[in-house]
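**Student:** Got a structure for you, upload_29.cif, holding mmCIF, C-alpha atoms (C1' of nucleotides).
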data_target
loop_
_atom_site.label_atom_id
_atom_site.label_comp_id
_atom_site.auth_asym_id
_atom_site.auth_seq_id
_atom_site.Cartn_x
_atom_site.Cartn_y
_atom_site.Cartn_z
CA MET T 1 -25.90 -3.48 -29.81
CA GLY T 2 -27.89 -3.08 -26.64
CA ARG T 3 -29.15 -5.70 -24.23
CA ARG T 4 -27.72 -9.21 -24.27
CA SER T 5 -28.91 -10.77 -21.03
CA LEU T 6 -26.51 -13.63 -21.32
CA HIS T 7 -26.16 -13.31 -17.59
CA THR T 8 -28.44 -12.21 -14.82
CA ALA T 9 -27.43 -9.17 -12.81
CA GLU T 10 -26.11 -11.42 -10.03
CA GLU T 11 -24.15 -13.60 -12.43
CA LEU T 12 -22.58 -10.55 -14.00
CA ARG T 13 -21.64 -9.20 -10.59
CA GLU T 14 -19.90 -12.47 -9.70
CA LEU T 15 -18.20 -12.54 -13.07
CA ILE T 16 -16.76 -9.11 -12.45
CA ILE T 17 -15.68 -9.98 -8.93
CA SER T 18 -13.91 -13.17 -9.90
CA ALA T 19 -12.16 -11.65 -12.91
CA SER T 20 -10.99 -8.79 -10.70
CA THR T 21 -9.79 -11.11 -7.98
CA GLU T 22 -7.73 -13.07 -10.47
CA LEU T 23 -6.31 -9.89 -11.90
CA ILE T 24 -5.24 -8.73 -8.45
CA GLN T 25 -3.72 -12.11 -7.65
CA GLU T 26 -1.67 -11.88 -10.82
CA ALA T 27 -0.61 -8.27 -10.79
CA GLY T 28 -1.70 -6.59 -7.57
CA LEU T 29 -3.91 -3.58 -7.17
CA SER T 30 -1.96 -1.61 -9.74
CA GLY T 31 -2.69 -4.32 -12.29
CA LEU T 32 -6.42 -3.89 -11.88
CA SER T 33 -8.21 -1.81 -14.48
CA ALA T 34 -11.83 -1.45 -15.46
CA ARG T 35 -10.98 -1.90 -19.12
CA GLU T 36 -8.99 -5.06 -18.52
CA ILE T 37 -11.77 -6.56 -16.40
CA ALA T 38 -14.21 -5.79 -19.20
CA ARG T 39 -11.93 -7.43 -21.76
CA ARG T 40 -11.69 -10.59 -19.69
CA ILE T 41 -15.41 -11.01 -19.21
CA ASN T 42 -16.26 -9.91 -22.74
CA TYR T 43 -18.32 -6.88 -21.88
CA SER T 44 -17.73 -3.24 -22.56
CA PRO T 45 -16.16 -1.10 -19.81
CA GLY T 46 -19.38 0.82 -19.25
CA THR T 47 -21.18 -2.34 -18.15
CA LEU T 48 -19.17 -2.52 -14.92
CA TYR T 49 -20.88 0.64 -13.79
CA ASN T 50 -24.25 -1.07 -13.76
CA SER T 51 -23.00 -3.46 -11.07
CA PHE T 52 -20.68 -1.19 -9.11
CA GLU T 53 -20.50 2.51 -8.43
CA ASN T 54 -16.86 2.63 -9.39
CA LEU T 55 -13.61 0.70 -8.96
CA ASP T 56 -13.32 1.56 -5.27
CA ASP T 57 -16.73 0.06 -4.65
CA LEU T 58 -15.67 -3.10 -6.45
CA VAL T 59 -12.42 -3.33 -4.53
CA LEU T 60 -14.19 -2.81 -1.20
CA THR T 61 -16.50 -5.69 -2.10
CA ILE T 62 -13.53 -7.93 -2.77
CA GLU T 63 -11.92 -6.87 0.49
CA GLY T 64 -15.11 -7.68 2.38
CA ARG T 65 -15.11 -11.19 1.00
CA LEU T 66 -11.48 -11.61 1.88
CA LEU T 67 -12.17 -10.67 5.48
CA ASP T 68 -15.04 -13.14 5.56
CA ARG T 69 -12.73 -15.90 4.44
CA LEU T 70 -10.14 -14.97 7.08
CA ILE T 71 -12.74 -14.97 9.84
CA GLU T 72 -13.91 -18.35 8.62
CA ALA T 73 -10.37 -19.73 8.68
CA LEU T 74 -9.70 -18.40 12.18
CA ALA T 75 -13.01 -19.71 13.45
CA ALA T 76 -12.01 -23.16 12.24
CA VAL T 77 -8.94 -23.22 14.50
CA PRO T 78 -9.88 -25.78 17.17
CA ALA T 79 -10.70 -24.41 20.61
CA GLY T 80 -9.88 -26.32 23.78
CA GLY T 81 -6.37 -27.48 24.61
CA ASP T 82 -3.64 -25.23 25.92
CA PRO T 83 -4.71 -21.56 25.78
CA ARG T 84 -1.23 -20.41 24.83
CA GLU T 85 -1.08 -22.94 22.04
CA ARG T 86 -4.34 -21.60 20.75
CA VAL T 87 -2.95 -18.09 20.43
CA HIS T 88 0.03 -19.48 18.54
CA ALA T 89 -2.31 -21.44 16.29
CA LEU T 90 -4.39 -18.36 15.51
CA ALA T 91 -1.28 -16.38 14.67
CA SER T 92 0.02 -19.00 12.27
CA CYS T 93 -3.38 -19.38 10.71
CA TYR T 94 -3.33 -15.64 10.02
CA LEU T 95 0.20 -15.80 8.64
CA ALA T 96 -0.63 -18.75 6.40
CA PHE T 97 -3.71 -17.02 5.12
CA ALA T 98 -1.77 -13.89 4.18
CA ALA T 99 1.07 -15.88 2.65
CA ARG T 100 -1.27 -17.98 0.56
CA ASN T 101 -2.18 -14.95 -1.47
CA PRO T 102 0.09 -12.04 -0.78
CA LYS T 103 -1.13 -9.67 -3.48
CA LEU T 104 -4.76 -10.10 -2.57
CA TRP T 105 -3.94 -9.70 1.10
CA ASN T 106 -1.93 -6.55 0.47
CA LEU T 107 -5.05 -5.02 -0.98
CA LEU T 108 -6.35 -4.39 2.53
CA PHE T 109 -3.46 -2.10 3.27
CA GLU T 110 -2.60 -0.64 -0.12
CA HIS T 111 -6.05 0.40 -1.12
CA HIS T 112 -7.12 3.76 0.24
CA VAL T 113 -10.65 4.86 -0.08
CA PRO T 114 -11.35 8.55 -0.76
CA VAL T 115 -12.52 10.23 2.44
CA ALA T 116 -15.71 11.33 0.71
CA GLN T 117 -16.77 7.79 -0.08
CA GLY T 118 -16.07 6.30 3.33
CA VAL T 119 -15.93 2.66 4.36
CA PRO T 120 -19.14 0.65 4.74
CA ASP T 121 -20.20 -0.24 8.29
CA SER T 122 -20.00 -3.94 7.47
CA TYR T 123 -16.29 -3.42 7.22
CA GLN T 124 -15.88 -2.22 10.77
CA GLN T 125 -18.08 -5.08 11.98
CA LYS T 126 -15.85 -7.65 10.34
CA PHE T 127 -12.83 -6.29 12.12
CA GLU T 128 -14.72 -6.40 15.42
CA ALA T 129 -15.52 -10.05 14.73
CA LEU T 130 -11.86 -10.69 14.08
CA MET T 131 -10.79 -9.01 17.28
CA ALA T 132 -13.41 -10.93 19.23
CA ILE T 133 -11.76 -14.21 18.21
CA ILE T 134 -8.41 -13.06 19.55
CA GLU T 135 -9.94 -11.58 22.68
CA ASP T 136 -11.65 -14.88 23.46
CA ALA T 137 -8.36 -16.68 23.06
CA LEU T 138 -6.65 -14.27 25.45
CA ARG T 139 -9.32 -14.38 28.15
CA PRO T 140 -8.17 -17.68 29.73
CA LEU T 141 -4.70 -16.16 30.10
CA ALA T 142 -5.85 -12.85 31.52
CA GLY T 143 -6.22 -13.76 35.18
CA ALA T 144 -7.71 -10.82 37.03
CA ARG T 145 -7.34 -8.41 34.15
CA GLY T 146 -10.34 -6.50 32.95
CA ASP T 147 -11.85 -6.45 29.50
CA ASP T 148 -10.06 -3.23 28.59
CA ASP T 149 -6.70 -4.93 29.08
CA ILE T 150 -7.79 -7.87 26.97
CA LYS T 151 -9.08 -5.64 24.22
CA ARG T 152 -5.84 -3.73 24.14
CA SER T 153 -3.69 -6.83 24.11
CA ALA T 154 -5.73 -8.33 21.29
CA ARG T 155 -5.06 -5.22 19.23
CA VAL T 156 -1.38 -5.17 20.08
CA LEU T 157 -0.97 -8.80 19.13
CA TRP T 158 -2.94 -8.33 15.95
CA ALA T 159 -0.82 -5.36 15.01
CA GLY T 160 2.33 -7.34 15.68
CA VAL T 161 1.20 -10.31 13.68
CA HIS T 162 0.13 -8.00 10.89
CA GLY T 163 3.48 -6.20 11.01
CA ILE T 164 5.42 -9.42 10.59
CA SER T 165 3.31 -10.76 7.77
CA SER T 166 3.25 -7.40 6.02
CA LEU T 167 7.01 -6.95 6.21
CA SER T 168 7.68 -10.48 5.05
CA ALA T 169 5.38 -9.95 2.06
CA ALA T 170 6.94 -6.60 1.15
CA ASP T 171 9.22 -7.07 -1.78
CA LYS T 172 11.28 -4.06 -0.91
CA LEU T 173 12.35 -4.30 2.67
CA SER T 174 13.63 -7.82 2.86
CA ILE T 175 14.36 -7.35 6.52
CA ILE T 176 12.22 -10.32 7.25
CA ALA T 177 12.82 -13.29 5.04
CA ALA T 178 9.55 -14.98 4.17
CA ASP T 179 10.72 -18.28 5.65
CA ASP T 180 11.59 -16.59 8.94
CA ALA T 181 8.15 -15.15 9.44
CA GLY T 182 6.87 -18.17 11.32
CA ALA T 183 9.75 -18.12 13.80
CA LEU T 184 9.39 -14.40 14.37
CA MET T 185 5.68 -14.77 14.90
CA ASP T 186 6.26 -17.47 17.53
CA ASP T 187 8.87 -15.33 19.23
CA LEU T 188 6.46 -12.40 19.38
CA VAL T 189 3.59 -14.41 20.77
CA ARG T 190 5.74 -16.28 23.26
CA ASN T 191 7.49 -13.25 24.69
CA TYR T 192 4.39 -11.08 24.68
CA LEU T 193 2.34 -13.73 26.45
CA ASN T 194 5.12 -14.24 28.99
CA GLY T 195 4.86 -10.58 29.83
CA PHE T 196 1.08 -10.68 29.73
CA GLU T 197 0.81 -13.63 32.10
CA ALA T 198 3.55 -12.47 34.46
CA ALA T 199 1.74 -9.22 35.09
CA ARG T 200 -1.66 -10.84 35.44
CA SER T 201 -2.04 -10.29 39.17
CA GLN T 202 -0.86 -6.70 39.15
CA ALA T 203 -3.35 -3.88 38.98
CA GLY T 204 -3.13 -1.27 36.20
CA SER T 205 0.01 -1.96 34.24
CA MET C 1 12.14 25.49 -27.95
CA GLY C 2 15.08 23.47 -26.75
CA ARG C 3 17.56 24.17 -24.00
CA ARG C 4 16.79 26.63 -21.24
CA SER C 5 19.38 25.95 -18.58
CA LEU C 6 17.55 27.95 -15.97
CA HIS C 7 18.66 25.26 -13.57
CA THR C 8 21.67 23.01 -13.34
CA ALA C 9 21.09 19.28 -13.53
CA GLU C 10 21.34 19.02 -9.76
CA GLU C 11 18.95 21.89 -9.18
CA LEU C 12 16.44 20.35 -11.52
CA ARG C 13 16.73 17.02 -9.76
CA GLU C 14 16.03 18.67 -6.41
CA LEU C 15 13.16 20.61 -7.89
CA ILE C 16 11.57 17.39 -9.09
CA ILE C 17 12.14 15.66 -5.78
CA SER C 18 10.65 18.42 -3.71
CA ALA C 19 7.64 18.91 -5.95
CA SER C 20 7.00 15.16 -5.85
CA THR C 21 7.37 15.00 -2.10
CA GLU C 22 4.82 17.77 -1.68
CA LEU C 23 2.47 16.05 -4.06
CA ILE C 24 2.70 12.82 -2.09
CA GLN C 25 2.18 14.64 1.19
CA GLU C 26 -0.97 16.16 -0.22
CA ALA C 27 -2.49 13.24 -2.07
CA GLY C 28 -0.48 10.10 -1.46
CA LEU C 29 1.22 7.89 -4.00
CA SER C 30 -1.87 7.74 -6.18
CA GLY C 31 -1.81 11.53 -6.42
CA LEU C 32 1.64 11.50 -7.92
CA SER C 33 1.93 11.86 -11.67
CA ALA C 34 4.75 12.78 -14.00
CA ARG C 35 2.59 15.29 -15.81
CA GLU C 36 1.53 17.01 -12.59
CA ILE C 37 5.10 17.22 -11.35
CA ALA C 38 6.08 18.79 -14.66
CA ARG C 39 3.26 21.32 -14.39
CA ARG C 40 4.36 22.36 -10.92
CA ILE C 41 7.97 22.92 -11.83
CA ASN C 42 7.17 24.46 -15.20
CA TYR C 43 8.89 21.94 -17.36
CA SER C 44 7.54 19.53 -19.92
CA PRO C 45 6.89 15.94 -18.83
CA GLY C 46 9.72 14.60 -20.96
CA THR C 47 12.27 16.56 -18.95
CA LEU C 48 11.77 14.36 -15.90
CA TYR C 49 13.27 11.50 -17.83
CA ASN C 50 16.61 13.28 -18.08
CA SER C 51 16.91 13.20 -14.29
CA PHE C 52 15.23 9.88 -13.49
CA GLU C 53 14.76 6.61 -15.32
CA ASN C 54 11.08 6.58 -14.57
CA LEU C 55 8.61 7.28 -11.77
CA ASP C 56 9.68 4.23 -9.77
CA ASP C 57 13.24 5.49 -9.77
CA LEU C 58 12.06 8.87 -8.53
CA VAL C 59 9.91 7.33 -5.81
CA LEU C 60 12.77 5.10 -4.65
CA THR C 61 14.94 8.19 -4.34
CA ILE C 62 12.33 9.86 -2.17
CA GLU C 63 12.01 6.74 -0.04
CA GLY C 64 15.77 6.63 0.44
CA ARG C 65 15.77 10.18 1.76
CA LEU C 66 12.89 9.37 4.07
CA LEU C 67 14.82 6.47 5.57
CA ASP C 68 17.83 8.73 6.04
CA ARG C 69 15.70 11.15 7.98
CA LEU C 70 14.28 8.38 10.16
CA ILE C 71 17.73 7.01 10.95
CA GLU C 72 18.81 10.53 11.84
CA ALA C 73 15.84 10.98 14.17
CA LEU C 74 16.43 7.64 15.88
CA ALA C 75 20.14 8.33 16.24
CA ALA C 76 19.27 11.54 18.05
CA VAL C 77 17.41 9.68 20.80
CA PRO C 78 19.72 10.06 23.81
CA ALA C 79 21.60 6.95 24.86
CA GLY C 80 22.43 6.21 28.49
CA GLY C 81 19.80 6.02 31.19
CA ASP C 82 17.52 3.06 31.70
CA PRO C 83 17.87 0.57 28.84
CA ARG C 84 14.16 -0.24 28.85
CA GLU C 85 13.30 3.43 28.72
CA ARG C 86 15.53 3.75 25.71
CA VAL C 87 13.61 1.11 23.80
CA HIS C 88 10.37 2.90 24.64
CA ALA C 89 11.87 6.17 23.49
CA LEU C 90 12.98 4.67 20.18
CA ALA C 91 9.53 3.22 19.60
CA SER C 92 7.78 6.51 20.23
CA CYS C 93 10.30 8.34 18.07
CA TYR C 94 9.40 5.97 15.25
CA LEU C 95 5.70 6.41 15.85
CA ALA C 96 6.00 10.18 15.94
CA PHE C 97 8.00 10.17 12.74
CA ALA C 98 5.40 8.13 10.92
CA ALA C 99 2.51 10.17 12.31
CA ARG C 100 4.14 13.45 11.34
CA ASN C 101 3.67 12.61 7.71
CA PRO C 102 1.45 9.60 7.20
CA LYS C 103 1.12 9.72 3.42
CA LEU C 104 4.82 10.03 2.85
CA TRP C 105 5.47 7.26 5.34
CA ASN C 106 2.92 4.98 3.73
CA LEU C 107 4.93 5.23 0.56
CA LEU C 108 7.40 2.72 1.94
CA PHE C 109 4.73 0.06 2.12
CA GLU C 110 2.38 1.00 -0.71
CA HIS C 111 4.94 1.38 -3.39
CA HIS C 112 5.92 -1.86 -5.05
CA VAL C 113 8.82 -1.96 -7.38
CA PRO C 114 8.59 -4.20 -10.45
CA VAL C 115 10.67 -7.32 -9.89
CA ALA C 116 12.67 -6.59 -13.03
CA GLN C 117 13.88 -3.25 -11.71
CA GLY C 118 14.84 -4.38 -8.23
CA VAL C 119 15.71 -2.31 -5.19
CA PRO C 120 19.06 -0.54 -4.95
CA ASP C 121 21.59 -1.95 -2.47
CA SER C 122 21.67 1.32 -0.57
CA TYR C 123 18.13 0.52 0.43
CA GLN C 124 19.00 -2.70 2.15
CA GLN C 125 21.90 -0.98 3.88
CA LYS C 126 19.63 1.65 5.35
CA PHE C 127 17.41 -0.97 6.85
CA GLU C 128 20.43 -2.69 8.33
CA ALA C 129 21.45 0.62 9.90
CA LEU C 130 17.96 0.95 11.35
CA MET C 131 18.03 -2.52 12.80
CA ALA C 132 21.47 -1.91 14.26
CA ILE C 133 20.07 0.94 16.33
CA ILE C 134 17.42 -1.30 17.84
CA GLU C 135 19.83 -4.18 18.33
CA ASP C 136 22.18 -1.91 20.26
CA ALA C 137 19.32 -0.81 22.47
CA LEU C 138 18.37 -4.43 23.20
CA ARG C 139 21.87 -5.65 23.98
CA PRO C 140 21.99 -4.34 27.57
CA LEU C 141 18.76 -6.27 28.24
CA ALA C 142 19.85 -9.49 26.60
CA GLY C 143 21.81 -11.08 29.44
CA ALA C 144 23.44 -14.24 28.17
CA ARG C 145 21.57 -14.30 24.88
CA GLY C 146 23.50 -14.50 21.66
CA ASP C 147 23.48 -12.10 18.75
CA ASP C 148 20.99 -14.22 16.82
CA ASP C 149 18.42 -13.76 19.57
CA ILE C 150 19.03 -10.04 19.65
CA LYS C 151 18.74 -9.77 15.88
CA ARG C 152 15.49 -11.66 15.91
CA SER C 153 14.01 -9.64 18.74
CA ALA C 154 14.95 -6.40 17.03
CA ARG C 155 13.05 -7.53 13.94
CA VAL C 156 10.06 -8.68 15.95
CA LEU C 157 9.87 -5.40 17.83
CA TRP C 158 10.31 -3.41 14.65
CA ALA C 159 7.55 -5.37 12.97
CA GLY C 160 5.27 -4.80 15.94
CA VAL C 161 5.97 -1.12 16.08
CA HIS C 162 5.45 -0.90 12.35
CA GLY C 163 2.20 -2.84 12.61
CA ILE C 164 0.77 -0.46 15.17
CA SER C 165 1.77 2.68 13.33
CA SER C 166 0.59 1.28 10.01
CA LEU C 167 -2.80 0.24 11.36
CA SER C 168 -3.30 3.53 13.12
CA ALA C 169 -2.52 5.39 9.90
CA ALA C 170 -4.82 3.21 7.78
CA ASP C 171 -7.96 5.10 7.03
CA LYS C 172 -9.96 1.96 6.52
CA LEU C 173 -9.46 -0.30 9.47
CA SER C 174 -9.97 2.04 12.36
CA ILE C 175 -9.26 -0.77 14.75
CA ILE C 176 -6.57 1.31 16.28
CA ALA C 177 -7.55 4.87 16.96
CA ALA C 178 -4.68 7.20 16.18
CA ASP C 179 -4.64 8.55 19.74
CA ASP C 180 -4.34 5.03 21.15
CA ALA C 181 -1.28 4.16 19.16
CA GLY C 182 1.11 5.43 21.82
CA ALA C 183 -0.52 3.38 24.57
CA LEU C 184 -0.52 0.25 22.42
CA MET C 185 3.10 0.77 21.54
CA ASP C 186 4.04 1.05 25.22
CA ASP C 187 2.04 -2.07 26.00
CA LEU C 188 3.82 -4.00 23.27
CA VAL C 189 7.28 -2.91 24.30
CA ARG C 190 6.61 -3.44 28.00
CA ASN C 191 5.15 -6.91 27.70
CA TYR C 192 7.61 -8.06 25.09
CA LEU C 193 10.58 -6.88 27.11
CA ASN C 194 9.15 -8.54 30.21
CA GLY C 195 9.16 -11.82 28.34
CA PHE C 196 12.54 -11.07 26.80
CA GLU C 197 14.19 -10.34 30.14
CA ALA C 198 12.47 -13.16 32.05
CA ALA C 199 13.85 -15.74 29.65
CA ARG C 200 17.31 -14.25 29.52
CA SER C 201 19.03 -16.97 31.48
CA GLN C 202 17.38 -19.85 29.64
CA ALA C 203 19.09 -21.47 26.73
CA GLY C 204 17.35 -21.67 23.32
CA SER C 205 13.83 -20.38 23.78
"C1'" DA O 1 -33.76 -2.74 -19.00
"C1'" DC O 2 -29.44 -3.65 -20.45
"C1'" DC O 3 -25.42 -2.90 -23.06
"C1'" DT O 4 -22.38 -0.52 -26.36
"C1'" DG O 5 -18.96 2.49 -27.90
"C1'" DA O 6 -17.67 7.07 -28.51
"C1'" DA O 7 -16.25 10.89 -25.84
"C1'" DC O 8 -13.76 13.46 -22.22
"C1'" DA O 9 -10.14 14.23 -19.35
"C1'" DC O 10 -6.60 12.07 -17.82
"C1'" DC O 11 -2.10 8.78 -17.49
"C1'" DG O 12 3.68 7.13 -18.36
"C1'" DT O 13 7.07 7.14 -21.55
"C1'" DT O 14 9.58 7.94 -25.96
"C1'" DC O 15 11.74 10.52 -29.33
"C1'" DA O 16 12.25 13.56 -33.51
"C1'" DA O 17 12.88 18.23 -33.88
"C1'" DG O 18 14.37 22.57 -32.39
"C1'" DT O 19 17.83 25.88 -30.01
"C1'" DA D 1 23.35 19.38 -24.32
"C1'" DC D 2 18.99 20.32 -22.96
"C1'" DC D 3 14.20 20.77 -23.52
"C1'" DT D 4 9.76 20.59 -26.00
"C1'" DG D 5 5.60 18.78 -27.60
"C1'" DA D 6 3.50 15.50 -30.37
"C1'" DA D 7 2.70 10.70 -30.47
"C1'" DC D 8 1.51 6.09 -28.71
"C1'" DA D 9 -0.72 3.12 -25.86
"C1'" DC D 10 -2.97 3.26 -22.07
"C1'" DC D 11 -6.43 4.83 -17.97
"C1'" DG D 12 -11.76 5.74 -15.18
"C1'" DT D 13 -16.12 7.25 -15.96
"C1'" DT D 14 -20.26 9.06 -18.37
"C1'" DC D 15 -23.94 8.92 -21.36
"C1'" DA D 16 -26.55 9.18 -25.85
"C1'" DA D 17 -27.94 5.80 -28.80
"C1'" DG D 18 -29.37 1.37 -29.94
"C1'" DT D 19 -32.05 -3.19 -29.10
#
Could I get this file's structure written as structure tokens?

**Tutor:**
Amino acid sequence: MGRRSLHTAEELRELIISASTELIQEAGLSGLSAREIARRINYSPGTLYNSFENLDDLVLTIEGRLLDRLIEALAAVPAGGDPRERVHALASCYLAFAARNPKLWNLLFEHHVPVAQGVPDSYQQKFEALMAIIEDALRPLAGARGDDDIKRSARVLWAGVHGISSLSAADKLSIIAADDAGALMDDLVRNYLNGFEAARSQAGS
Amino acid sequence: MGRRSLHTAEELRELIISASTELIQEAGLSGLSAREIARRINYSPGTLYNSFENLDDLVLTIEGRLLDRLIEALAAVPAGGDPRERVHALASCYLAFAARNPKLWNLLFEHHVPVAQGVPDSYQQKFEALMAIIEDALRPLAGARGDDDIKRSARVLWAGVHGISSLSAADKLSIIAADDAGALMDDLVRNYLNGFEAARSQAGS
DNA sequence: ACCTGAACACCGTTCAAGT
DNA sequence: ACCTGAACACCGTTCAAGT
């Protein structure tokens, strides 16, 4: 049939992205397929490849947007007030974000990009931006500690928070009941920060 | 052609399991396919379905064996000595286990079983056994705390340890360099235990 | 320039037919 | 009883052909 031009290139791109996002929300990464996307937007499968290099490229685009939304949500957590409370608030914001859309969130950890393709730089930058938010929240609690210590603690806390939310979202290992996740998160942050603050005057460890 | 009986049912089952495990080690879950397994063991694809219900059943079997091996490794960590050192030793044993075979390890978190099928009970039991090891290691540090506190802390620590090892294995988010994972793990355990021990005499939180 | 649809090389799973 | 191989309903991706 040839050209239709019902949509501009940008419109088509958005159409593909939103159909894919819905598909993932419904059925996870394994439920995503180029042919099913095409069916839903009423184009032929080949058309997708005008907008994206391949499915990995599409998925990476969706992941980028997801990270943007998370950064936005974390940035909206009010500053000021008790520094410890702020860390707790950031952690529960993260948990809530992941819980709001588990299948979409899982994408970030399920989806592996072929080594040849590689991850876009923008990706790494978004994670740096994320870490910067946590680092800033830790700084008031760091006492005489240097930036290296803060950086490390931000990563440790992030990993811990991620571990809890990932295990509570995992269907298989119901070690962490979903409704316990909040309590576990608070326990982690509280105990870790206790240790972090207690050691604030010491050099090295 | 019909029956061949080159292998007993058990032998065939093991053949399938080991070919699949190798395939996963090479190319991850997405590299696993019934047809490729069949090619490698020189049987037709249909034969797999005499030994396993479907691919999910096969993968769950592999995951079960993996958990058995982890429990074995953790159980071999020497008891006695400084209780805090023991927790550190368990954490690095876990990390080393995951790092030794990242793709196989990732299976546990990438592979989602359809809700209809459900996870075998043996699975849940293995996780309980895992948690019991960590709980036992925490008990000497728990002071007057009750079992609920110990249970919760075991889960929090496990989630944290899992978070670090999962992020360091993720190709995409190179927030945690693989060679830093050990240092982060030590930081987590040290600070968390500091908080855990400091609060030991307090009631509630 | 944009889009189609056939084509190619793959999947998981089932099941009649053969030994 | 055990195994095959064709069959069915799917994939991702490419690309000549059409408008």

**Student:** Which one of C:Leu104, C:Ala79, C:Pro114, C:Gly146 sits closest to Ile133 in chain C if you count only C-alpha atoms?

**Tutor:**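 Using only C-alpha atoms, Ile133 in chain C sits closest to C:Ala79.
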
**Student:** Residues picked by the PyMOL selection byres ((chain T) within 12 of (chain D)) here, as JSON, numbers by chain?

**Tutor:** {"T": [1, 2, 3, 4, 5, 30, 31, 32, 33, 34, 35, 36, 45, 46, 47, 48, 49, 50, 52, 53, 54, 55, 56]}

**Student:** For C-alpha atoms, I'd like the residues from the last selection saved as a compact mmCIF listing (two decimals), in the coordinates of the input.

**Tutor:**
# COMPACT_ATOMS: atom_id res chain seq x y z
CA MET T 1 -25.90 -3.48 -29.81
CA GLY T 2 -27.89 -3.08 -26.64
CA ARG T 3 -29.15 -5.70 -24.23
CA ARG T 4 -27.72 -9.21 -24.27
CA SER T 5 -28.91 -10.77 -21.03
CA SER T 30 -1.96 -1.61 -9.74
CA GLY T 31 -2.69 -4.32 -12.29
CA LEU T 32 -6.42 -3.89 -11.88
CA SER T 33 -8.21 -1.81 -14.48
CA ALA T 34 -11.83 -1.45 -15.46
CA ARG T 35 -10.98 -1.90 -19.12
CA GLU T 36 -8.99 -5.06 -18.52
CA PRO T 45 -16.16 -1.10 -19.81
CA GLY T 46 -19.38 0.82 -19.25
CA THR T 47 -21.18 -2.34 -18.15
CA LEU T 48 -19.17 -2.52 -14.92
CA TYR T 49 -20.88 0.64 -13.79
CA ASN T 50 -24.25 -1.07 -13.76
CA PHE T 52 -20.68 -1.19 -9.11
CA GLU T 53 -20.50 2.51 -8.43
CA ASN T 54 -16.86 2.63 -9.39
CA LEU T 55 -13.61 0.70 -8.96
CA ASP T 56 -13.32 1.56 -5.27

**Student:** Counting all atoms listed in the file, which residue out of C:His162, C:His7, C:Arg39, C:Arg86 sits closest to chain T?

**Tutor:**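 Going through C:His162, C:His7, C:Arg39, C:Arg86 one by one, the smallest distance to chain T is for C:His162.
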
**Student:** Between T:Tyr43, T:Trp105, T:Tyr94, T:Phe127, which has the minimum distance to chain C (counting only C-alpha atoms)?

**Tutor:**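 The closest residue to chain C is T:Phe127.
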
**Student:** Residues picked by the PyMOL selection byres ((chain T) within 9 of (chain C)) here, as a PyMOL selection string?

**Tutor:** chain T and resi 106+108-113+115+118-119+123-124+127-128+131+152-153+155-167+170-176+183-185+187-196+198-199+205

**Student:** Name all residues at most 8 Å from Leu70 in chain T (count only C-alpha atoms (C1' of nucleotides); drop same-chain ones fewer than 4 positions away) and give them as a list of chain:residue names.

**Tutor:** T:Leu66, T:Leu74, T:Tyr94, T:Phe97

**Student:** I need the residue nearest Leu60 in chain C from this list: C:Leu15, C:Ala99, C:Leu29, C:Ala38. Use only C-alpha atoms for the distance.

**Tutor:**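 Among the listed residues, C:Leu29 lies closest to Leu60 in chain C.
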
**Student:** Which residues would end up in the selection if the PyMOL selection byres ((chain T and resi 18) around 12) were applied here, given that I need the answer as a list in words?

**Tutor:**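 The output of the PyMOL selection byres ((chain T and resi 18) around 12) on this file is Glu11, Leu12, Arg13, Glu14, Leu15, Ile16, Ile17, Ala19, Ser20, Thr21, Glu22, Leu23, Ile24, Gln25, Ile37, Ala38, Arg40, Ile41, Leu58, Val59, Thr61, Ile62 and Arg65 of chain T.
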
**Student:** Would you mind exporting the chosen residues as a short mmCIF file (atom, residue, chain, number, x, y, z; two decimals), in the coordinates of the input, restricted to C-alpha atoms?

**Tutor:**
data_model
loop_
_atom_site.label_atom_id
_atom_site.label_comp_id
_atom_site.auth_asym_id
_atom_site.auth_seq_id
_atom_site.Cartn_x
_atom_site.Cartn_y
_atom_site.Cartn_z
CA GLU T 11 -24.15 -13.60 -12.43
CA LEU T 12 -22.58 -10.55 -14.00
CA ARG T 13 -21.64 -9.20 -10.59
CA GLU T 14 -19.90 -12.47 -9.70
CA LEU T 15 -18.20 -12.54 -13.07
CA ILE T 16 -16.76 -9.11 -12.45
CA ILE T 17 -15.68 -9.98 -8.93
CA ALA T 19 -12.16 -11.65 -12.91
CA SER T 20 -10.99 -8.79 -10.70
CA THR T 21 -9.79 -11.11 -7.98
CA GLU T 22 -7.73 -13.07 -10.47
CA LEU T 23 -6.31 -9.89 -11.90
CA ILE T 24 -5.24 -8.73 -8.45
CA GLN T 25 -3.72 -12.11 -7.65
CA ILE T 37 -11.77 -6.56 -16.40
CA ALA T 38 -14.21 -5.79 -19.20
CA ARG T 40 -11.69 -10.59 -19.69
CA ILE T 41 -15.41 -11.01 -19.21
CA LEU T 58 -15.67 -3.10 -6.45
CA VAL T 59 -12.42 -3.33 -4.53
CA THR T 61 -16.50 -5.69 -2.10
CA ILE T 62 -13.53 -7.93 -2.77
CA ARG T 65 -15.11 -11.19 1.00
#

**Student:** May I ask which of the residues C:Ala154, C:Ala116, C:Leu130, C:Ala137 is the closest one to Glu72 in chain C, counting only C-alpha atoms?

**Tutor:**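 For Glu72 in chain C, the nearest of the given residues is C:Leu130.
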
**Student:** Produce the centre coordinates and the three edge lengths, each in Å to one decimal, of the box along x, y and z that contains all listed atoms of range 127-139 of chain T with 6 Å added on each side, as lines of an AutoDock Vina configuration file.

**Tutor:**
center_x = -11.1
center_y = -11.5
center_z = 20.1
size_x = 20.9
size_y = 22.4
size_z = 28.0
